[in-house]
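*Asks:* Sharing a structure with you now.
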There are 2 protein chains.
Amino acid sequence: MKQLSKQYKNELLNNVIPFWTKNCPDKKYGGYFTMLDYDGSVYETAKYMWMQWRIVWMYCELYQQIEPKQEWLDLAQQGYDFLTKYGKDKQGRYYFALAQDGTPTIAPYNVFSECFAVMGAAALYRITGNENVKTEAINAYNQYQARKNNPKAEWSKSLPGSTNYLSLGYYMMQANLDQVMADCLNDYSYLESAADNANLVLDKFWNPEEKVIFENALPDGTFDLKSVAGRQLNPGHALEAMWFLMNTAKQRGDEKTIAKTADIILHTLEHGWDTEYGGIYYFMDVQNRPQIALESNMKLWWVHCEALIACLMADKYTENKRFKDWFTKVHNWTWEHFPDKENGEWFGYLDRQGTPTHHLKGGKWKTFFHLPRALLICSQILE
Amino acid sequence: MKQLSKQYKNELLNNVIPFWTKNCPDKKYGGYFTMLDYDGSVYETAKYMWMQWRIVWMYCELYQQIEPKQEWLDLAQQGYDFLTKYGKDKQGRYYFALAQDGTPTIAPYNVFSECFAVMGAAALYRITGNENVKTEAINAYNQYQARKNNPKAEWSKSLPGSTNYLSLGYYMMQANLDQVMADCLNDYSYLESAADNANLVLDKFWNPEEKVIFENALPDGTFDLKSVAGRQLNPGHALEAMWFLMNTAKQRGDEKTIAKTADIILHTLEHGWDTEYGGIYYFMDVQNRPQIALESNMKLWWVHCEALIACLMADKYTENKRFKDWFTKVHNWTWEHFPDKENGEWFGYLDRQGTPTHHLKGGKWKTFFHLPRALLICSQILE
């Protein structure tokens, strides 16, 4: 355990952090480069809001959890300054992307931009105590509340005749944001909403007959087994949601939810594991009917990062010995396939067999977030 | 050659057509099921407009090119009736998708719906001579003209600060539609626009230094090598565009364009071929920098269908013997990997190595179109 803890911490401190700290800061305009090739070189300068704000959060988290290194705080602060200066439209909604110099390029059609702004600003406030930063976090949080029932706003293509699904992501994100706000603003009134949303996730998305977490549920508590979206499973997402919920349940001493999330983690691992080639699938269909997403059977770094955290947290908070075995299995496959031993950091995308299909280290959907967060949390639990 | 021609025609008549004719008609509501599993069973009843109208066109084309079979005309007509009854919003724009009963579910955000409506309606008019159907074709054609400079209309997420690319698809589609209108409406005034658009494609998207067709070009005739979109290549799309252009050039006796498109086909095959595992890549980056699309190195049925047509057409219209070799190479790989020998029809999606990743026969993006069209055209050329 001690040895493993060292392995995770060493990978974080001596591989992943140096890779990003060297390559991601945009010293000219502020903010970050996230489109990084295998060797850290920048292959595009677009600034995607999700990717940007997650870096703000991550550097704050490192400062908070590892050591109060001024460099990390400065990196978070400069990103925050850039993003709050250029990032919002007149209604205070965060754009989806900016050009390198801050010119908005993609409309604020995606409310998760606000979510990552909440996380970044709240974490920075916890360190600096700056009231403006707190206000930013609260504003972004309120934007999310205002937008979450119509998250795509005027850019939604769904017509009234389409099926109205509840999406796991929004509920799981709400539970996560409430926890972040409670922790960073030291305001535990948020935890009530966190608990409510945790219950909603377990009530609406978990199907005890099939023993799976669905990605999309019907508002009446049933599932739409007649459509691709209704049958879709996303094991990595389910595992991420479960360790979020387990973590918040632990804080409030809710043993029932801890047991339930642990049970779901176990079923998700068993169902999501590829028994032929190893690793966890990206998307699945509960009836093994066709997938539309072409990447469905690929193996993604973040899925495995979330799985590692889920295994270790469930091992820590329950007596069930199977989590140790699962951790070993996921750990071995992950470390064998994802790290780029030549150029540092990890590959993000492997085919089903485990061969890298892409050589990027950062992109439109991969940034300094899932991997360092998993290395940090795993090293802490293992310790 | 004769033997090969038989192989293509046999596959069309005794495998692909029966598979779709048995499984795709929705006898209750009209229109078609396109979400077909490996065995032809329906895994979702959504009706995506691109997929629907392409079937109308395909059955008309079979009627026109093979034999005037009443069943094929009836199948086209019933789809046409359903789509024109339910398919349009108040502004006459075609929705992206309908529910099984015709209720609109996804907004008309994609102007290619209009394009496939032009093709379907024009082809049906050629057979039936029905003036209402001709009007439908002309209206859809005019919609495309009105919308093509702002094709995503109010659903566009691009802000003024984003890079303004010309997209190969729109120009290639325009050239194709003009040809279809000329042929089906017997109105050769459309051919002038077809020739203009062909020249535009060759001028704007072909880069003679790199010897590639770019997917996105800058309006000033240069290329944006600093972004993922600007560097993106789509060999299948380039091959499809080139045989379109070559075909129309042949009709107007434009030997210069025939030679140029043949040259581009050769370069595209050489550049797009996977020398390690065989087959043609889906997406590439001109500088081999990272791809964002997760399916980039996968092998798709339609890419290989278009490549087969391009090889045979170039072989027929030029003296260059290398097209015969290329046809053999593409033919062998395609027939070895895509046909589902057990359940009929072809798989659509293979990983880089050539193993099927999906078992669907029809989906949101695969319908009764690329494969039967390629089998038909190839069998005709081979004959």
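Each chain of the structure tokens is named A, B, ... in the order shown, its residues numbered from 1; ligands are numbered from 1 in display order.
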Within 9 Å of chain B, which residues of chain A are there when counting only C-alpha atoms? Please give them as number ranges by chain.

*Replies:* A: 35-38, 43-46, 96, 98-99, 103-109, 154-163, 226-228, 289-292, 294-298, 349, 351-352, 357-360, 363-365

*Asks:* For segment 326-372 of chain A versus segment 306-320 of chain A, which residues have an atom no more than 7 Å away, and what is each residue's nearest atom pair and distance in Å rounded to one decimal, using only C-alpha atoms, chain-then-number order, as CSV?

*Replies:*
```
residue,atom,partner,partner_atom,distance
A:Trp326,CA,A:Cys311,CA,6.5
A:Phe327,CA,A:Cys311,CA,5.3
A:Val330,CA,A:Leu308,CA,6.6
A:His331,CA,A:Leu308,CA,6.7
```

*Asks:* Go through segment 157-361 of chain B and collect every residue that DSSP, computed from the backbone, puts in alpha helix (DSSP H); the answer should be as a PyMOL selection string.

*Replies:* chain B and resi 168-185+190-205+228-231+235-251+255-272+301-317+322-337

*Asks:* List every residue of segment 189-336 of chain B that DSSP, applied to the backbone of this structure, places in strand (DSSP E), and write the result as a PyMOL selection string.

*Replies:* chain B and resi 206-207+212-213+216-217+232-233+284-285+299-300

*Asks:* I want to know what sits within 9 Å of segment 240-244 of chain A, based on only C-alpha atoms, with residues of the same chain fewer than 4 positions away left out; could you give that as a PDB file with N, CA, C and O atoms, in the first residue's frame?

*Replies:*
```
ATOM      1  N   LEU A 168     -27.978  11.820 -16.219  1.00  0.00           N
ATOM      2  CA  LEU A 168     -27.177  11.570 -15.019  1.00  0.00           C
ATOM      3  C   LEU A 168     -26.232  12.722 -14.719  1.00  0.00           C
ATOM      4  O   LEU A 168     -26.093  13.149 -13.572  1.00  0.00           O
ATOM      5  N   GLY A 169     -25.588  13.239 -15.758  1.00  0.00           N
ATOM      6  CA  GLY A 169     -24.560  14.253 -15.575  1.00  0.00           C
ATOM      7  C   GLY A 169     -25.013  15.459 -14.769  1.00  0.00           C
ATOM      8  O   GLY A 169     -24.275  15.950 -13.914  1.00  0.00           O
ATOM      9  N   MET A 172     -25.559  14.465 -10.965  1.00  0.00           N
ATOM     10  CA  MET A 172     -24.279  14.148 -10.356  1.00  0.00           C
ATOM     11  C   MET A 172     -23.462  15.431 -10.187  1.00  0.00           C
ATOM     12  O   MET A 172     -22.810  15.650  -9.161  1.00  0.00           O
ATOM     13  N   MET A 173     -23.524  16.310 -11.187  1.00  0.00           N
ATOM     14  CA  MET A 173     -22.785  17.563 -11.112  1.00  0.00           C
ATOM     15  C   MET A 173     -23.324  18.436  -9.987  1.00  0.00           C
ATOM     16  O   MET A 173     -22.568  19.058  -9.244  1.00  0.00           O
ATOM     17  N   ALA A 175     -24.733  17.490  -7.203  1.00  0.00           N
ATOM     18  CA  ALA A 175     -24.259  16.945  -5.924  1.00  0.00           C
ATOM     19  C   ALA A 175     -22.794  17.324  -5.698  1.00  0.00           C
ATOM     20  O   ALA A 175     -22.395  17.713  -4.596  1.00  0.00           O
ATOM     21  N   ASN A 176     -22.028  17.260  -6.760  1.00  0.00           N
ATOM     22  CA  ASN A 176     -20.612  17.609  -6.669  1.00  0.00           C
ATOM     23  C   ASN A 176     -20.418  19.100  -6.360  1.00  0.00           C
ATOM     24  O   ASN A 176     -19.634  19.471  -5.479  1.00  0.00           O
ATOM     25  N   GLN A 179     -21.156  19.990  -2.809  1.00  0.00           N
ATOM     26  CA  GLN A 179     -20.067  19.578  -1.926  1.00  0.00           C
ATOM     27  C   GLN A 179     -18.906  20.569  -2.022  1.00  0.00           C
ATOM     28  O   GLN A 179     -18.337  20.985  -0.999  1.00  0.00           O
ATOM     29  N   ALA A 198     -28.035  13.405  -4.405  1.00  0.00           N
ATOM     30  CA  ALA A 198     -27.502  12.046  -4.295  1.00  0.00           C
ATOM     31  C   ALA A 198     -28.655  11.048  -4.297  1.00  0.00           C
ATOM     32  O   ALA A 198     -28.632  10.034  -5.008  1.00  0.00           O
ATOM     33  N   VAL A 201     -30.122  10.717  -7.774  1.00  0.00           N
ATOM     34  CA  VAL A 201     -29.299   9.869  -8.653  1.00  0.00           C
ATOM     35  C   VAL A 201     -29.590   8.397  -8.382  1.00  0.00           C
ATOM     36  O   VAL A 201     -29.815   7.605  -9.305  1.00  0.00           O
ATOM     37  N   PRO A 235     -20.195   3.351 -18.006  1.00  0.00           N
ATOM     38  CA  PRO A 235     -19.683   2.852 -16.729  1.00  0.00           C
ATOM     39  C   PRO A 235     -18.750   3.843 -16.016  1.00  0.00           C
ATOM     40  O   PRO A 235     -18.813   3.974 -14.792  1.00  0.00           O
ATOM     41  N   GLY A 236     -17.925   4.545 -16.771  1.00  0.00           N
ATOM     42  CA  GLY A 236     -17.013   5.507 -16.155  1.00  0.00           C
ATOM     43  C   GLY A 236     -17.765   6.626 -15.462  1.00  0.00           C
ATOM     44  O   GLY A 236     -17.398   7.067 -14.363  1.00  0.00           O
ATOM     45  N   THR A 248     -19.550  12.141  -0.190  1.00  0.00           N
ATOM     46  CA  THR A 248     -20.415  13.074   0.540  1.00  0.00           C
ATOM     47  C   THR A 248     -21.209  12.327   1.614  1.00  0.00           C
ATOM     48  O   THR A 248     -21.457  12.858   2.689  1.00  0.00           O
ATOM     49  N   ALA A 249     -21.593  11.092   1.309  1.00  0.00           N
ATOM     50  CA  ALA A 249     -22.331  10.296   2.307  1.00  0.00           C
ATOM     51  C   ALA A 249     -21.454  10.046   3.535  1.00  0.00           C
ATOM     52  O   ALA A 249     -21.921  10.104   4.679  1.00  0.00           O
ATOM     53  N   THR A 261     -23.939   2.803  -2.673  1.00  0.00           N
ATOM     54  CA  THR A 261     -23.007   3.205  -3.730  1.00  0.00           C
ATOM     55  C   THR A 261     -21.917   2.144  -3.921  1.00  0.00           C
ATOM     56  O   THR A 261     -21.495   1.882  -5.049  1.00  0.00           O
ATOM     57  N   ALA A 262     -21.478   1.529  -2.828  1.00  0.00           N
ATOM     58  CA  ALA A 262     -20.466   0.474  -2.944  1.00  0.00           C
ATOM     59  C   ALA A 262     -21.011  -0.693  -3.767  1.00  0.00           C
ATOM     60  O   ALA A 262     -20.331  -1.226  -4.652  1.00  0.00           O
ATOM     61  N   ILE A 264     -23.322  -0.560  -6.007  1.00  0.00           N
ATOM     62  CA  ILE A 264     -23.431  -0.143  -7.414  1.00  0.00           C
ATOM     63  C   ILE A 264     -22.056  -0.138  -8.086  1.00  0.00           C
ATOM     64  O   ILE A 264     -21.910  -0.546  -9.238  1.00  0.00           O
ATOM     65  N   ILE A 265     -21.040   0.300  -7.361  1.00  0.00           N
ATOM     66  CA  ILE A 265     -19.674   0.283  -7.916  1.00  0.00           C
ATOM     67  C   ILE A 265     -19.288  -1.137  -8.323  1.00  0.00           C
ATOM     68  O   ILE A 265     -18.771  -1.377  -9.424  1.00  0.00           O
ATOM     69  N   VAL A 303     -12.084   7.128 -17.695  1.00  0.00           N
ATOM     70  CA  VAL A 303     -12.920   6.050 -17.168  1.00  0.00           C
ATOM     71  C   VAL A 303     -12.117   5.235 -16.150  1.00  0.00           C
ATOM     72  O   VAL A 303     -12.602   4.901 -15.064  1.00  0.00           O
ATOM     73  N   CYS A 305      -9.352   6.267 -14.580  1.00  0.00           N
ATOM     74  CA  CYS A 305      -9.026   7.124 -13.435  1.00  0.00           C
ATOM     75  C   CYS A 305     -10.161   7.097 -12.417  1.00  0.00           C
ATOM     76  O   CYS A 305      -9.931   6.932 -11.209  1.00  0.00           O
ATOM     77  N   GLU A 306     -11.386   7.246 -12.893  1.00  0.00           N
ATOM     78  CA  GLU A 306     -12.537   7.258 -11.983  1.00  0.00           C
ATOM     79  C   GLU A 306     -12.727   5.888 -11.337  1.00  0.00           C
ATOM     80  O   GLU A 306     -13.107   5.791 -10.173  1.00  0.00           O
ATOM     81  N   ALA A 307     -12.441   4.840 -12.099  1.00  0.00           N
ATOM     82  CA  ALA A 307     -12.583   3.489 -11.558  1.00  0.00           C
ATOM     83  C   ALA A 307     -11.589   3.242 -10.420  1.00  0.00           C
ATOM     84  O   ALA A 307     -11.922   2.621  -9.406  1.00  0.00           O
ATOM     85  N   ILE A 309     -10.312   5.457  -8.364  1.00  0.00           N
ATOM     86  CA  ILE A 309     -10.790   6.151  -7.168  1.00  0.00           C
ATOM     87  C   ILE A 309     -11.949   5.385  -6.533  1.00  0.00           C
ATOM     88  O   ILE A 309     -11.989   5.175  -5.313  1.00  0.00           O
ATOM     89  N   ALA A 310     -12.892   4.949  -7.372  1.00  0.00           N
ATOM     90  CA  ALA A 310     -14.078   4.257  -6.850  1.00  0.00           C
ATOM     91  C   ALA A 310     -13.683   2.984  -6.094  1.00  0.00           C
ATOM     92  O   ALA A 310     -14.190   2.709  -5.002  1.00  0.00           O
ATOM     93  N   CYS A 311     -12.751   2.225  -6.660  1.00  0.00           N
ATOM     94  CA  CYS A 311     -12.307   0.977  -6.010  1.00  0.00           C
ATOM     95  C   CYS A 311     -11.679   1.266  -4.652  1.00  0.00           C
ATOM     96  O   CYS A 311     -11.987   0.608  -3.650  1.00  0.00           O
ATOM     97  N   MET A 313     -11.885   3.975  -2.738  1.00  0.00           N
ATOM     98  CA  MET A 313     -12.781   4.591  -1.760  1.00  0.00           C
ATOM     99  C   MET A 313     -13.737   3.551  -1.182  1.00  0.00           C
ATOM    100  O   MET A 313     -13.977   3.507   0.027  1.00  0.00           O
ATOM    101  N   ALA A 314     -14.247   2.683  -2.055  1.00  0.00           N
ATOM    102  CA  ALA A 314     -15.153   1.634  -1.583  1.00  0.00           C
ATOM    103  C   ALA A 314     -14.405   0.646  -0.687  1.00  0.00           C
ATOM    104  O   ALA A 314     -14.948   0.144   0.302  1.00  0.00           O
TER     105      ALA A 314
END
```

*Asks:* Mind checking which residues fall within 9 Å of Glu136 of chain A, counting only C-alpha atoms, ignoring those fewer than 6 positions away in the same chain, and posting them as a list in words?

*Replies:*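 Answer for this query is Thr84, Ala117, Val118, Ala121 and Ala122 of chain A.
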
*Asks:* Those residues with N, CA and C atoms, as a PDB file, in the first residue's frame please?

*Replies:*
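As written to disk, part.pdb reads:
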```
ATOM      1  N   THR A  84     -12.282  35.100 -16.262  1.00  0.00           N
ATOM      2  CA  THR A  84     -13.349  35.997 -15.801  1.00  0.00           C
ATOM      3  C   THR A  84     -13.356  37.285 -16.629  1.00  0.00           C
ATOM      4  N   ALA A 117     -16.499  26.514 -13.766  1.00  0.00           N
ATOM      5  CA  ALA A 117     -16.190  27.839 -13.216  1.00  0.00           C
ATOM      6  C   ALA A 117     -16.488  27.882 -11.716  1.00  0.00           C
ATOM      7  N   VAL A 118     -17.595  27.279 -11.313  1.00  0.00           N
ATOM      8  CA  VAL A 118     -17.906  27.191  -9.868  1.00  0.00           C
ATOM      9  C   VAL A 118     -16.750  26.513  -9.141  1.00  0.00           C
ATOM     10  N   ALA A 121     -13.450  28.756  -9.216  1.00  0.00           N
ATOM     11  CA  ALA A 121     -13.536  29.973  -8.408  1.00  0.00           C
ATOM     12  C   ALA A 121     -13.651  29.632  -6.922  1.00  0.00           C
ATOM     13  N   ALA A 122     -14.474  28.632  -6.602  1.00  0.00           N
ATOM     14  CA  ALA A 122     -14.638  28.268  -5.184  1.00  0.00           C
ATOM     15  C   ALA A 122     -13.310  27.814  -4.587  1.00  0.00           C
TER      16      ALA A 122
END
```

*Asks:* Just checking: using only C-alpha atoms, which residue out of B:Asn186, B:Asn142, B:Asn14, B:Thr222 ends up closest to Ile127 of chain B?

*Replies:*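 Of all the options, B:Asn186 lies closest to Ile127 of chain B.
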
*Asks:* Just the number, please: distance in Å from atom CA of Lys341 of chain B to atom CA of Tyr281 of chain A, one decimal.

*Replies:*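 These two atoms are separated by 26.5 Å.
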
*Asks:* Neighbouring residues of Ile213 of chain B were defined as those with any atom within 10 Å, considering only C-alpha atoms; residues of the same chain fewer than 3 positions away were excluded. Please report them as a list of chain:residue names.

*Replies:*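 Here the answer would be B:Leu168, B:Val201, B:Leu202, B:Lys204, B:Phe205, B:Trp206, B:Asn207, B:Pro208, B:Glu210, B:Asn216, B:Ala217, B:Gln232, B:Leu233, B:Asn234, B:Pro235, B:His237, B:Ala238, B:Leu239, B:Ala241, B:Met242, B:Ile264, B:Ile265, B:His267, B:Thr268, B:Val286.
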
*Asks:* Would you work out the distance separating atom CA of Glu114 of chain A from atom CA of Trp346 of chain A, expressed in Å to one decimal?

*Replies:*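 Computing it gives 27.1 Å between the two atoms.
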
*Asks:* Just the residues within 8 Å of Ser5 of chain A, please, counting only C-alpha atoms, with nothing from its chain fewer than 2 positions along; format it as a list in words.

*Replies:*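 Neighbouring residues, sequence-local ones excluded: Met1, Lys2, Gln3, Gln7, Tyr8, Lys9, Cys378, Ser379, Gln380, Ile381, Leu382 and Glu383 of chain A.
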
*Asks:* Using N, CA and C atoms, can you export the residues from the last selection as a CSV table (one decimal), in the first residue's frame?

*Replies:*
```
chain,number,residue,atom,x,y,z
A,1,MET,N,0.8,-1.2,0.0
A,1,MET,CA,0.0,0.0,0.0
A,1,MET,C,0.9,1.3,0.0
A,2,LYS,N,1.8,1.3,0.9
A,2,LYS,CA,2.8,2.4,1.0
A,2,LYS,C,3.5,2.6,-0.3
A,3,GLN,N,3.9,1.5,-0.9
A,3,GLN,CA,4.6,1.5,-2.1
A,3,GLN,C,3.8,2.0,-3.3
A,7,GLN,N,4.0,5.3,-5.7
A,7,GLN,CA,3.9,5.3,-7.1
A,7,GLN,C,2.9,6.3,-7.7
A,8,TYR,N,1.7,6.4,-7.0
A,8,TYR,CA,0.8,7.4,-7.5
A,8,TYR,C,1.3,8.8,-7.3
A,9,LYS,N,1.9,9.1,-6.1
A,9,LYS,CA,2.3,10.4,-5.8
A,9,LYS,C,3.5,10.8,-6.7
A,378,CYS,N,-6.0,8.9,-5.1
A,378,CYS,CA,-5.5,7.5,-4.8
A,378,CYS,C,-4.3,7.5,-3.9
A,379,SER,N,-3.4,8.4,-4.1
A,379,SER,CA,-2.2,8.4,-3.3
A,379,SER,C,-2.6,8.7,-1.8
A,380,GLN,N,-3.6,9.6,-1.7
A,380,GLN,CA,-4.1,9.9,-0.3
A,380,GLN,C,-4.8,8.8,0.4
A,381,ILE,N,-5.6,8.1,-0.4
A,381,ILE,CA,-6.3,6.9,0.2
A,381,ILE,C,-5.3,5.8,0.5
A,382,LEU,N,-4.4,5.6,-0.4
A,382,LEU,CA,-3.4,4.5,-0.2
A,382,LEU,C,-2.5,4.8,1.0
A,383,GLU,N,-2.3,6.0,1.3
A,383,GLU,CA,-1.5,6.4,2.4
A,383,GLU,C,-2.2,6.1,3.8
```

*Asks:* Report as a ChimeraX atom specification all protein, DNA and RNA residues lying within 9 Å of Phe369 of chain B, evaluated on only C-alpha atoms, omitting residues in the same chain fewer than 5 positions from it.

*Replies:* /B:51,54-55,57-58,374
